[in-house]
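Working notes, beginning with the structure itself.
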Amino acid sequence: MNRTIKYLLRLSVIVILLVNSSFVKSQQVFSFDGKEVLKSNNAELVFNLHSVRIQPELTQGITGNGLRTDGYSTWLNCKNEKLKKLSGVSGWFALESFPTDTAAFFSIKDSIANTSIAVCVDKFGQLLIGSGIKGAFSYLATNQHVERFKWIHLAVSLSKKSINFWVNGKIVIANNPVAFIPIQINELIIAKDVREKREWMYDLTLINGIVDEIKLWNQPIKEADLHPGLAALSLKVPVLAIPESRFKSDFSRPKYHLLPDANWTNETHGLIYYKNQYHIFNQKNASNLMLRQINWGHYSSPDLIHWTEHKPVLKPEPGFDENGIWSGHVVLNDEGIPAAFYSAGGAKFGIGMALPKDPNLLEWGKFNGNPVILGQPEGYTRTDMHDPYLWKVGDKWYMCIGFGLEKDGKQNGALLLYSSLDLKKWNFLHLLFEGNPEIDNSGVFWEMPVFQKVGQKYVLLVNKVPTKGVSARALYWVGDFINEKFVPDNPVPKNLEVINRLLSPSVAFDKNGLLSAIAIIPDEFGGEASYKLGWTHLYSIPRVWNLKDGKIQQSPHPVLKELREEKKSFQNQQIENEKPLLISIGHQQIEIEATIEPGNSKKFGFLVGENPDHSEFTRIYYDAETREMVVDQTNSSLKEHIPLRTKRDKYDLDLSKSIDFHLFIDGSVIEVFVNDGDAFTTRIFPLKETSNQVEIFTEGTNIGAKADVWTLKTAKVKTDF
């Protein structure tokens, strides 16, 4: 090769490098790395953070750091006249969940002409191109879908009259004409649509996941320039667990109770023991803090206290379950394989079935013949029916479903009963049982039924729905299953809890044959408090159920003793009127076993969540004069939006004998067991972290008391995604 040719080749390489270098320098890149994480690479542009959190929340990105969003409060925008030269935007994204409503990865806006273009995703994962003009929005389907828990690279390029759109480096829309292209671009929005859609204070158009490597282009995008090594990068596994920083300062967040990583959860269901592991499922909306976009969340545990949260196993899809995968039940089928039955929300209410694809139950597939039941039986007027529960007698499977009746202007709860020989084809039989609210106060509709054989008897538990200011409550009867109908021993049900809070238990026999239950303990406050907290509701410690004299006896599962650490004992204490005995201070996770000799005391019990200056405290006590158990939270918190109220319920105790109390305190949740048989729960959300004292008190006369107090180890829920 002669010197002239070599020189020309070197010159061409230098020219290419200079062009590429100039091109890169002309880009604005937000990589979320370094000290100024919201500034572009040359600091010309700055993103504004909109979030309930003060600082941007960072996690592992596609390279370096990425910005973690929450699906309801966190998004970015940049308003700058320098954006007017913008011709395209690209970036990496990883979704934990699909949005509650159509949301945007990024939006480009011309505020003067009020036009916009957005790259969006709907609640089923379909990619859309959104177009806005003067407050009216339309969405162009791309027939492309994004998968959750995977990285995706998106890019859009604008010309005067058309757009190009790339997904993972491949052109999806080429030169598509758009009537209104933003010309004088002056705003870029990340992780949110231009369109406003709210429910309460929650924005429904935000994505929940990770954002990284946002690039702003000022000349037409070419496929070769999108990203070096794009194909290899897209195979990386995103880390979508909530960063520990999100709840690091939240002392009210429990540390040994089962609860999801963040955002909304509702009832548990489908507790089973399978292949040396416990599994439980739940209603989960990872995208927001409300009862929308419900998936089946999934947890597993070797012992009922150390849990791992997995990816949701079922999600809504267009068709019969498009409005939610609601509560249900899991049983082992005739082959010994778990089969899940769930409530399906669509044009009609129905029941779907799903089967696992692997022995760890991490991946599930919906039954091809779904729905196995669709719509209410002929002759019944109500259309809502949900929450199946299954059991087997001989060769026949039975399924009851929560329901309600309307006749002669009156309403009452009921359970539909179906039968099957193969779990696939179901025949409606009749009502398993129905309530009579005028006699049994069982409400107008029943949810989350449990029909469990215990010894020679059956326990039928239902949750009556809230109505006319009366809260939901878990009620149960004990009786027999005769001629395919439930026959109660007593027409009036019993309350599962002494004071109403815990709802919808999931029950199963553990590996040692103990009938174990885990249920939801709601927060019971409004959207404003949830918005600031960032998580809603949790689940109880595992409890053991026994049946004695027609009554469920509840006690803490013995596995909880493994959490005990330091023990402090108080023996033969005499507690004087209005001079409480301090038994714990400085701990958020404790267990207390206390015995009280009430004597003639008018009120005796515990001060919990108490601050040393007495500015915050909750009183849990027995009122001997009114024969009631009481939870007084009128001074429980100085926070905004936390209800300050008192709950009480009739409860008979033999005050001539000592009373045993067993308390589990874990941040905001308190579970109380009385005489190793009855139970109730409450939640506290004090403002001050120092509001953690526990005292035993009396009013009226002195009482005798003894107590053992343990600090407890944490058993924080792990996340494998």
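Labeling convention for the structure tokens: chains A, B, ... as they appear, residues from 1 per chain, ligands from 1 in order of appearance.
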
**Asked** Could you write out, as a PyMOL selection string, all the residues of range 191-314 of chain A that DSSP marks as strand (DSSP E or B)?
**Response** chain A and resi 192+198-199+202-203+206+208-217+263-274+277-285+295-301+308-314

**Asked** Which residues come within 12 Å of His145 in chain A, counting only C-alpha atoms, excluding same-chain residues fewer than 2 positions away, as number ranges by chain?
**Response** A: 95, 98, 120-128, 141-143, 147-148, 150, 152, 154, 167-168, 172

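Near Gly413 in chain A, within a cut-off of 8 Å and counting only C-alpha atoms, sit the residues Gly402, Phe403, Gly404, Leu405, Glu434, Gly435, Asn436, Ser442, Gly443, Val444, Phe445, Trp446 and Lys464 of chain A, with same-chain residues fewer than 4 positions away left out.
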
Saved selection, atoms kept: N, CA, C and O atoms, as a compact mmCIF listing (two decimals), in the first residue's frame:
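Final output, saved to part10.txt:
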# COMPACT_ATOMS: atom_id res chain seq x y z
N GLY A 402 -67.90 -16.26 47.41
CA GLY A 402 -68.57 -15.17 48.10
C GLY A 402 -69.64 -14.52 47.25
O GLY A 402 -69.44 -14.25 46.06
N PHE A 403 -70.80 -14.24 47.89
CA PHE A 403 -71.95 -13.77 47.13
C PHE A 403 -72.89 -13.03 48.07
O PHE A 403 -72.67 -12.93 49.28
N GLY A 404 -73.95 -12.48 47.49
CA GLY A 404 -75.00 -11.82 48.25
C GLY A 404 -76.33 -11.95 47.54
O GLY A 404 -76.38 -12.10 46.31
N LEU A 405 -77.41 -11.90 48.30
CA LEU A 405 -78.76 -12.04 47.75
C LEU A 405 -79.52 -10.73 47.90
O LEU A 405 -79.31 -9.97 48.85
N GLU A 434 -76.54 -19.19 53.77
CA GLU A 434 -76.84 -17.77 53.66
C GLU A 434 -77.13 -17.20 55.04
O GLU A 434 -77.52 -17.91 55.97
N GLY A 435 -76.86 -15.89 55.16
CA GLY A 435 -77.05 -15.23 56.44
C GLY A 435 -78.44 -14.67 56.61
O GLY A 435 -79.23 -14.59 55.67
N ASN A 436 -78.72 -14.25 57.83
CA ASN A 436 -79.98 -13.60 58.19
C ASN A 436 -79.62 -12.38 59.05
O ASN A 436 -79.54 -12.48 60.27
N SER A 442 -74.91 -10.44 60.02
CA SER A 442 -73.84 -10.92 59.15
C SER A 442 -73.68 -10.10 57.87
O SER A 442 -72.91 -10.49 56.99
N GLY A 443 -74.39 -8.98 57.74
CA GLY A 443 -74.14 -8.07 56.64
C GLY A 443 -74.84 -8.44 55.34
O GLY A 443 -75.62 -9.40 55.27
N VAL A 444 -74.53 -7.69 54.28
CA VAL A 444 -75.27 -7.78 53.02
C VAL A 444 -74.53 -8.54 51.93
O VAL A 444 -75.11 -8.87 50.91
N PHE A 445 -73.24 -8.79 52.14
CA PHE A 445 -72.45 -9.51 51.13
C PHE A 445 -71.26 -10.12 51.85
O PHE A 445 -70.69 -9.53 52.76
N TRP A 446 -70.85 -11.33 51.40
CA TRP A 446 -69.73 -12.01 52.04
C TRP A 446 -68.55 -12.13 51.10
O TRP A 446 -68.70 -12.46 49.91
N LYS A 464 -67.86 -9.99 56.26
CA LYS A 464 -68.96 -9.16 55.77
C LYS A 464 -68.39 -7.84 55.29
O LYS A 464 -67.47 -7.28 55.89

Can you list, as a short mmCIF file (atom, residue, chain, number, x, y, z; two decimals) with C-alpha atoms, in the first residue's frame, every protein, DNA or RNA residue that comes within 8 Å of range 566-568 of chain A when you count only C-alpha atoms, leaving out same-chain residues fewer than 3 positions away?
data_model
loop_
_atom_site.label_atom_id
_atom_site.label_comp_id
_atom_site.auth_asym_id
_atom_site.auth_seq_id
_atom_site.Cartn_x
_atom_site.Cartn_y
_atom_site.Cartn_z
CA ASP A 708 -41.27 -11.30 80.57
CA VAL A 709 -40.10 -9.02 77.78
CA TRP A 710 -37.95 -10.10 74.83
CA THR A 711 -36.34 -7.98 72.18
CA LEU A 712 -36.87 -9.72 68.84
#

Which residues come within 7 Å of His641 in chain A, counting only C-alpha atoms, excluding same-chain residues fewer than 3 positions away, as an mmCIF file with N, CA and C atoms, in the first residue's frame?
data_model
loop_
_atom_site.group_PDB
_atom_site.id
_atom_site.type_symbol
_atom_site.label_atom_id
_atom_site.label_comp_id
_atom_site.auth_asym_id
_atom_site.auth_seq_id
_atom_site.Cartn_x
_atom_site.Cartn_y
_atom_site.Cartn_z
ATOM 1 N N GLY A 526 -56.428 7.350 55.668
ATOM 2 C CA GLY A 526 -56.750 7.800 54.324
ATOM 3 C C GLY A 526 -55.566 7.881 53.387
ATOM 4 N N GLU A 528 -53.971 10.448 52.129
ATOM 5 C CA GLU A 528 -52.897 11.407 52.395
ATOM 6 C C GLU A 528 -51.770 10.760 53.186
ATOM 7 N N ALA A 529 -52.119 9.989 54.216
ATOM 8 C CA ALA A 529 -51.099 9.324 55.021
ATOM 9 C C ALA A 529 -50.389 8.238 54.218
#

**Request:** Would you mind reading off the distance between CA of Val450 in chain A and CA of Ile665 in chain A, one decimal, in Å?
**Result:**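 These two atoms are separated by 27.4 Å.
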
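Taking the backbone of this structure through DSSP, the residues of range 198-305 of chain A that come out as alpha helix (DSSP H) are Leu230, Ala231, Ala232 and Leu233 of chain A.
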
How would the residues just chosen look if you wrote them out with N, CA and C atoms as a compact mmCIF listing (two decimals), in the first residue's frame?
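And here's result.txt as it stands now:
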# COMPACT_ATOMS: atom_id res chain seq x y z
N LEU A 230 -26.00 -2.38 22.39
CA LEU A 230 -27.39 -2.36 22.87
C LEU A 230 -27.94 -3.76 23.12
N ALA A 231 -27.69 -4.68 22.21
CA ALA A 231 -28.25 -6.03 22.33
C ALA A 231 -27.74 -6.71 23.60
N ALA A 232 -26.45 -6.56 23.88
CA ALA A 232 -25.88 -7.19 25.07
C ALA A 232 -26.42 -6.55 26.34
N LEU A 233 -26.54 -5.22 26.34
CA LEU A 233 -27.04 -4.53 27.53
C LEU A 233 -28.48 -4.92 27.85

**Prompt:** Given the choices A:Tyr256, A:Phe320, A:Tyr458, A:Phe673, which gets closest to Arg564 in chain A if the distance is worked out from only C-alpha atoms?
**Reply:**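 Ranked by minimum distance to Arg564 in chain A, first place goes to A:Tyr256.
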
**Message:** Rounded to one decimal, what separation in Å do you get between CA of Leu496 in chain A and CA of Leu514 in chain A?
**Reply:**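 About the pair CA of Leu496 in chain A and CA of Leu514 in chain A: they are 18.1 Å apart.
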
**Asked** Restricting the calculation to only C-alpha atoms, which member of A:Gln55, A:Gln588, A:Ser287, A:Gln27 is positioned closest to Lys688 in chain A?
**Response** A:Gln588

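Proximity to Gln571 in chain A at 8 Å, evaluated using only C-alpha atoms and with sequence-adjacent residues fewer than 5 positions away removed, yields A:Ala705, A:Lys706, A:Ala707.
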
**Request:** Quick one: everything within 6 Å of range 481-494 of chain A, counting only C-alpha atoms, minus sequence neighbours fewer than 5 positions away in the same chain. Send it as an MDAnalysis selection string.
**Result:** chainID A and resid 432:433 440 475:476

Store the residues of this selection in a file with all heavy atoms, as a short mmCIF file (atom, residue, chain, number, x, y, z; two decimals), in the first residue's frame.
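See selection_18.cif below for the written result:
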data_model
loop_
_atom_site.label_atom_id
_atom_site.label_comp_id
_atom_site.auth_asym_id
_atom_site.auth_seq_id
_atom_site.Cartn_x
_atom_site.Cartn_y
_atom_site.Cartn_z
N LEU A 432 -74.47 -22.86 49.62
CA LEU A 432 -73.89 -23.59 50.74
C LEU A 432 -74.51 -23.12 52.05
O LEU A 432 -74.85 -23.93 52.94
CB LEU A 432 -72.37 -23.38 50.79
CG LEU A 432 -71.65 -23.95 52.00
CD1 LEU A 432 -71.73 -25.47 52.03
CD2 LEU A 432 -70.20 -23.48 52.04
N PHE A 433 -74.71 -21.79 52.15
CA PHE A 433 -75.25 -21.20 53.37
C PHE A 433 -75.57 -19.75 53.08
O PHE A 433 -74.97 -19.13 52.20
CB PHE A 433 -74.22 -21.30 54.51
CG PHE A 433 -74.72 -20.86 55.86
CD1 PHE A 433 -75.78 -21.52 56.47
CD2 PHE A 433 -74.11 -19.81 56.52
CE1 PHE A 433 -76.24 -21.12 57.72
CE2 PHE A 433 -74.56 -19.40 57.78
CZ PHE A 433 -75.63 -20.07 58.38
N ASP A 440 -78.41 -12.50 62.81
CA ASP A 440 -76.99 -12.79 63.02
C ASP A 440 -76.05 -11.61 62.72
O ASP A 440 -74.84 -11.73 62.88
CB ASP A 440 -76.57 -14.00 62.18
CG ASP A 440 -76.83 -13.82 60.69
OD1 ASP A 440 -76.93 -12.67 60.22
OD2 ASP A 440 -76.94 -14.85 59.99
N LEU A 475 -66.32 -13.05 60.58
CA LEU A 475 -67.28 -13.79 61.42
C LEU A 475 -67.15 -15.27 61.11
O LEU A 475 -66.79 -15.66 60.00
CB LEU A 475 -68.71 -13.35 61.11
CG LEU A 475 -69.01 -11.85 61.00
CD1 LEU A 475 -70.40 -11.65 60.42
CD2 LEU A 475 -68.91 -11.20 62.37
N TYR A 476 -67.50 -16.13 62.08
CA TYR A 476 -67.46 -17.56 61.79
C TYR A 476 -68.53 -18.31 62.56
O TYR A 476 -68.98 -17.90 63.64
CB TYR A 476 -66.07 -18.13 62.09
CG TYR A 476 -65.73 -18.23 63.57
CD1 TYR A 476 -66.00 -19.40 64.29
CD2 TYR A 476 -65.12 -17.18 64.24
CE1 TYR A 476 -65.68 -19.51 65.63
CE2 TYR A 476 -64.81 -17.27 65.58
CZ TYR A 476 -65.08 -18.43 66.28
OH TYR A 476 -64.78 -18.52 67.62
#

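Atom pair CA of Leu86 in chain A / CA of Arg68 in chain A: separated by 25.0 Å.
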
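Using only C-alpha atoms for every distance, the candidate list A:Ile596, A:Val330, A:Leu259, A:Ile133 yields A:Leu259 as the residue closest to Val669 in chain A.
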